[in-house]
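Everything below belongs to target_23.cif, which stores mmCIF, C-alpha atoms.
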```
data_input
loop_
_atom_site.label_atom_id
_atom_site.label_comp_id
_atom_site.auth_asym_id
_atom_site.auth_seq_id
_atom_site.Cartn_x
_atom_site.Cartn_y
_atom_site.Cartn_z
CA MET A 295 -22.12 -28.67 80.17
CA ALA A 296 -21.94 -30.59 76.86
CA SER A 297 -25.46 -29.40 76.06
CA CYS A 298 -24.38 -25.75 76.55
CA ARG A 299 -21.39 -26.26 74.24
CA ARG A 300 -23.68 -27.72 71.54
CA VAL A 301 -25.99 -24.71 71.83
CA SER A 302 -23.03 -22.28 71.66
CA LEU A 303 -21.53 -24.04 68.60
CA PHE A 304 -24.93 -24.04 66.90
CA ALA A 305 -25.38 -20.32 67.55
CA PHE A 306 -21.84 -19.63 66.32
CA ALA A 307 -22.50 -21.61 63.14
CA ARG A 308 -25.67 -19.59 62.49
CA VAL A 309 -23.70 -16.35 62.91
CA LEU A 310 -21.03 -17.56 60.46
CA ASP A 311 -23.70 -18.62 57.97
CA ALA A 312 -25.39 -15.23 58.24
CA LYS A 313 -22.06 -13.42 57.74
CA HIS A 314 -21.26 -15.63 54.77
CA ARG A 315 -24.60 -14.85 53.13
CA GLU A 316 -24.10 -11.15 53.81
CA VAL A 317 -20.64 -11.15 52.18
CA THR A 318 -21.93 -13.19 49.23
CA MET A 319 -24.78 -10.75 48.64
CA LYS A 320 -22.41 -7.77 48.81
CA TYR A 321 -20.04 -9.49 46.35
CA ALA A 322 -22.89 -10.27 43.95
CA THR A 323 -24.14 -6.67 44.15
CA ALA A 324 -20.65 -5.31 43.49
CA THR A 325 -20.24 -7.70 40.54
CA ARG A 326 -23.54 -6.55 39.01
CA ILE A 327 -22.53 -2.88 39.38
CA LEU A 328 -19.15 -3.59 37.75
CA LEU A 329 -20.74 -5.46 34.84
CA LYS A 330 -23.22 -2.62 34.27
CA ALA A 331 -20.36 -0.11 34.27
CA LEU A 332 -18.39 -2.18 31.76
CA LEU A 333 -21.40 -2.60 29.50
CA LEU A 334 -22.14 1.12 29.69
CA SER A 335 -18.55 2.06 28.86
CA GLY A 336 -18.58 -0.39 25.93
CA THR A 337 -21.75 1.22 24.63
CA MET A 338 -20.22 4.67 24.97
CA ILE A 339 -17.14 3.62 22.97
CA ALA A 340 -19.33 2.10 20.27
CA VAL A 341 -21.51 5.21 19.79
CA THR A 342 -19.13 8.06 20.57
CA PRO A 343 -17.10 9.32 17.57
CA GLY A 344 -13.36 9.49 18.19
CA LEU A 345 -13.26 6.79 20.88
CA GLY A 346 -11.76 3.33 20.55
CA VAL A 347 -12.49 1.28 17.45
CA ALA A 348 -15.36 3.56 16.43
CA GLN A 349 -12.90 6.23 15.30
CA THR A 350 -13.36 7.00 11.60
CA THR A 351 -11.01 8.45 9.01
CA GLU A 352 -11.68 12.05 8.05
CA LYS A 353 -13.29 12.43 4.63
CA LYS A 354 -12.17 15.93 3.76
CA GLY A 355 -9.36 18.29 4.63
CA THR A 356 -6.42 20.50 3.71
CA THR A 357 -3.01 18.94 4.30
CA PRO A 358 0.40 20.60 3.92
CA TYR A 359 3.18 18.11 3.31
CA VAL A 360 6.59 17.88 1.64
CA THR A 361 8.04 15.12 -0.52
CA HIS A 362 11.82 14.58 -0.36
CA PHE A 363 12.61 13.50 -3.93
CA ILE A 364 15.57 12.02 -5.78
CA PHE A 365 15.30 12.42 -9.57
CA ILE A 366 16.94 9.79 -11.78
CA PRO A 367 17.42 10.46 -15.52
CA VAL A 368 16.26 7.42 -17.51
CA LYS A 369 16.50 8.44 -21.15
CA SER A 370 17.06 11.67 -23.06
CA ILE A 371 16.56 13.05 -26.56
CA ASP A 372 18.91 15.96 -27.26
CA VAL A 373 18.71 17.79 -30.59
CA GLY A 374 20.87 20.74 -29.65
CA GLU A 375 19.29 24.13 -30.28
CA LEU A 376 15.93 22.55 -31.09
CA GLY A 377 15.50 21.23 -27.59
CA THR A 378 15.69 18.27 -25.24
CA ALA A 379 13.25 15.82 -23.74
CA THR A 380 14.31 13.78 -20.70
CA LEU A 381 12.42 10.94 -19.13
CA LEU A 382 12.85 11.02 -15.35
CA GLU A 383 12.06 8.63 -12.52
CA ALA A 384 11.56 10.15 -9.07
CA VAL A 385 11.47 8.37 -5.71
CA GLY A 386 11.12 9.73 -2.20
CA THR A 387 9.13 9.91 1.03
CA THR A 388 6.50 12.30 2.36
CA GLN A 389 6.36 14.30 5.59
CA ASN A 390 3.18 15.90 6.97
CA LEU A 391 4.13 19.43 8.04
CA LYS A 392 1.54 19.42 10.85
CA GLY A 393 2.67 16.09 12.31
CA GLU A 394 -0.64 14.48 11.34
CA LYS A 395 -1.11 11.02 9.79
CA MET A 396 -2.63 12.06 6.46
CA LEU A 397 0.00 12.01 3.67
CA ASP A 398 2.77 11.31 6.20
CA LYS A 399 5.56 8.72 5.87
CA MET A 400 4.32 7.52 2.48
CA SER A 401 6.64 6.33 -0.28
CA ALA A 402 6.49 8.31 -3.51
CA HIS A 403 7.23 6.95 -7.00
CA CYS A 404 6.83 9.17 -10.06
CA THR A 405 7.50 9.19 -13.79
CA ALA A 406 8.06 12.57 -15.42
CA LEU A 407 8.93 14.11 -18.78
CA ASN A 408 11.13 17.20 -18.72
CA VAL A 409 10.79 19.19 -21.95
CA ALA A 410 12.86 22.22 -22.98
CA SER A 411 12.29 23.54 -26.50
CA GLY A 412 12.58 27.24 -27.30
CA ASP A 413 10.39 29.11 -24.84
CA LYS A 414 8.58 25.92 -23.80
CA LYS A 415 9.99 24.50 -20.60
CA TYR A 416 7.88 22.24 -18.44
CA ILE A 417 7.70 18.95 -16.54
CA ASP A 418 4.62 16.77 -16.38
CA GLY A 419 3.92 13.21 -15.29
CA ALA A 420 2.24 11.04 -12.70
CA CYS A 421 2.91 9.82 -9.14
CA VAL A 422 1.81 7.07 -6.79
CA LEU A 423 1.98 7.46 -2.99
CA SER A 424 1.89 4.24 -0.93
CA ASP A 425 1.39 3.92 2.84
CA SER A 426 2.54 1.17 5.21
CA ASN A 427 -0.65 -0.84 4.56
CA GLY A 428 -0.15 -0.80 0.80
CA ASP A 429 -3.00 1.67 0.20
CA LYS A 430 -2.23 4.07 -2.65
CA ILE A 431 -3.02 7.57 -3.96
CA PHE A 432 -2.58 8.33 -7.68
CA SER A 433 -2.05 11.79 -9.11
CA THR A 434 -0.94 13.59 -12.25
CA PHE A 435 1.05 16.83 -12.30
CA ASP A 436 2.01 19.65 -14.64
CA THR A 437 4.33 22.58 -13.98
CA ARG A 438 2.31 24.67 -16.49
CA ASP A 439 -0.75 24.48 -14.20
CA VAL A 440 -0.01 27.13 -11.55
CA ASP A 441 -2.47 28.26 -8.86
CA LYS A 442 -1.90 32.02 -8.83
CA SER A 443 -3.90 32.36 -5.60
CA GLN A 444 -1.05 30.57 -3.78
CA PRO A 445 2.15 32.43 -4.77
CA ASP A 446 4.27 30.29 -2.45
CA MET A 447 3.23 27.21 -4.47
CA SER A 448 4.27 28.48 -7.90
CA CYS A 449 5.96 25.40 -9.39
CA GLY A 450 2.87 23.53 -10.62
CA THR A 451 -0.11 21.47 -9.49
CA HIS A 452 -0.84 17.83 -8.74
CA ILE A 453 -4.35 16.57 -9.47
CA ILE A 454 -5.38 13.60 -7.29
CA THR A 455 -7.40 11.25 -9.49
CA GLY A 456 -8.08 8.29 -7.17
CA GLY A 457 -6.85 5.81 -4.62
CA THR A 458 -7.13 2.32 -3.17
CA GLY A 459 -8.03 0.96 0.28
CA LYS A 460 -8.77 3.75 2.76
CA TYR A 461 -8.14 6.29 -0.02
CA LYS A 462 -10.68 4.83 -2.47
CA GLY A 463 -12.73 7.65 -3.97
CA ILE A 464 -10.19 10.37 -3.12
CA THR A 465 -9.85 13.44 -5.33
CA GLY A 466 -8.03 16.68 -4.80
CA LYS A 467 -5.75 19.44 -5.93
CA GLU A 468 -2.16 20.02 -4.78
CA PRO A 469 -0.37 23.23 -5.76
CA PHE A 470 3.34 22.71 -5.10
CA ALA A 471 6.68 24.49 -4.88
CA CYS A 472 10.13 23.29 -5.95
CA HIS A 473 13.12 23.67 -3.63
CA VAL A 474 16.33 22.49 -5.31
CA MET A 475 18.71 20.63 -2.99
CA PRO A 476 22.50 20.20 -3.35
CA ALA A 477 23.57 17.90 -6.17
CA LEU A 478 24.23 14.28 -5.25
CA ALA A 479 27.84 13.11 -5.27
CA GLY A 480 28.99 10.62 -7.89
CA ALA A 481 28.02 9.83 -11.47
CA GLY A 482 24.56 9.30 -12.90
CA GLY A 483 23.21 12.84 -13.03
CA TYR A 484 20.96 12.33 -9.97
CA THR A 485 19.36 15.47 -8.53
CA ALA A 486 17.50 16.12 -5.27
CA MET A 487 14.52 18.36 -4.61
CA ASP A 488 12.09 19.05 -1.78
CA ILE A 489 8.55 19.61 -3.06
CA PRO A 490 6.08 21.13 -0.55
CA HIS A 491 2.39 20.68 -1.35
CA ASN A 492 -0.76 22.35 -0.04
CA THR A 493 -3.37 19.67 -0.62
CA ALA A 494 -7.14 20.11 -0.60
CA TRP A 495 -8.63 16.59 -0.73
CA GLU A 496 -11.91 14.77 -0.31
CA ILE A 497 -12.94 11.10 -0.13
CA LYS A 498 -16.41 10.36 -1.50
#
```

Write out the structure in this file as structure tokens.
Amino acid sequence: MASCRRVSLFAFARVLDAKHREVTMKYATATRILLKALLLSGTMIAVTPGLGVAQTTEKKGTTPYVTHFIFIPVKSIDVGELGTATLLEAVGTTQNLKGEKMLDKMSAHCTALNVASGDKKYIDGACVLSDSNGDKIFSTFDTRDVDKSQPDMSCGTHIITGGTGKYKGITGKEPFACHVMPALAGAGGYTAMDIPHNTAWEIK
């Protein structure tokens, strides 16, 4: 009787061992399949544009955006009928009109000269746009430079001359319009203006 029990236990142990090896092999096979799938997906992310960390910034485009400006008079020369020249500082923020990231939620800081003398009336100057990473775009502007092919942008033109960080090597042209906003309350002569731009840009 004891001999039969030993034989039965031995047979049972062999069955358990066989089952264990079968489960282990299935687990190892499943693990290899999973690892291959992960490696394949990692390769796909690395080589497929627009996926994961391989996504690159566009190098060229047309971007409509508006800058919400406050203009601050700094200093003025007033010689009556001969004319005036006023140095202005302008600060504001940008809004991409398509909801895209380019030229959106950037801070704007400009210096401008407003000249009015006889039939000559113009504003020119320069601006810097800064994004949340501290990368910058520099441009000049002149209200005498009007792109007649875009009648809705008849206030002047910005010329993008360069940038830093992700914008290094950027150039472009930005015809713009001028939409005067209600005067600000209080002293100081501050004025507000929304300036829509239609920007054609390229990063080389």

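Here CA of Lys415 in chain A is placed at a distance of 11.1 Å from CA of Asp436 in chain A.
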
**Report entry** Ground truth for the PyMOL selection byres ((chain A and resi 368) around 7), written as a PyMOL selection string
**Finding:** chain A and resi 366-367+369+381-383

Report task. Taking the file above as input, evaluate the PyMOL selection byres ((chain A and resi 394-402) around 6) and report the hits as number ranges by chain. Result -> A: 385-390, 392-393, 403, 422-425

When the PyMOL selection byres ((chain A and resi 373-376) around 7) is applied to the file above, which residues end up in the set, as a short mmCIF file (atom, residue, chain, number, x, y, z; two decimals) with C-alpha atoms, keeping the file's coordinate frame?
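File written: out_17.cif
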```cif
data_model
loop_
_atom_site.label_atom_id
_atom_site.label_comp_id
_atom_site.auth_asym_id
_atom_site.auth_seq_id
_atom_site.Cartn_x
_atom_site.Cartn_y
_atom_site.Cartn_z
CA ILE A 371 16.56 13.05 -26.56
CA ASP A 372 18.91 15.96 -27.26
CA GLY A 377 15.50 21.23 -27.59
CA THR A 378 15.69 18.27 -25.24
CA SER A 411 12.29 23.54 -26.50
CA GLY A 412 12.58 27.24 -27.30
#
```

Requested in this report: Kindly indicate which residue among A:His362, A:His491, A:Lys442, A:Lys414 lies nearest to Gly466 in chain A, using all atoms listed in the file for the distances.
Outcome: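 Closest residue, counting all atoms listed in the file: A:His491.
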
**Report entry** All residues 7 Å or closer to Ala384 in chain A, only C-alpha atoms, same chain fewer than 3 positions away omitted, as a ChimeraX atom specification
**Finding:** /A:363-366,403-405

Once you have the residues from the selection above, write them out as an mmCIF file, in the coordinates of the input, restricted to C-alpha atoms.
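Result went into part_31.cif, see below:
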```cif
data_model
loop_
_atom_site.group_PDB
_atom_site.id
_atom_site.type_symbol
_atom_site.label_atom_id
_atom_site.label_comp_id
_atom_site.auth_asym_id
_atom_site.auth_seq_id
_atom_site.Cartn_x
_atom_site.Cartn_y
_atom_site.Cartn_z
ATOM 1 C CA PHE A 363 12.610 13.500 -3.930
ATOM 2 C CA ILE A 364 15.570 12.020 -5.780
ATOM 3 C CA PHE A 365 15.300 12.420 -9.570
ATOM 4 C CA ILE A 366 16.940 9.790 -11.780
ATOM 5 C CA HIS A 403 7.230 6.950 -7.000
ATOM 6 C CA CYS A 404 6.830 9.170 -10.060
ATOM 7 C CA THR A 405 7.500 9.190 -13.790
#
```

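Between CA of Phe470 in chain A and CA of Thr357 in chain A there is a distance of 12.0 Å.
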
Residues at most 8 Å from Pro490 in chain A, counting only C-alpha atoms, excluding those fewer than 3 positions away in the same chain, as a CSV table (one decimal) with C-alpha atoms, in the coordinates of the input?
```csv
chain,number,residue,atom,x,y,z
A,358,PRO,CA,0.4,20.6,3.9
A,359,TYR,CA,3.2,18.1,3.3
A,360,VAL,CA,6.6,17.9,1.6
A,361,THR,CA,8.0,15.1,-0.5
A,447,MET,CA,3.2,27.2,-4.5
A,470,PHE,CA,3.3,22.7,-5.1
A,471,ALA,CA,6.7,24.5,-4.9
A,472,CYS,CA,10.1,23.3,-6.0
```
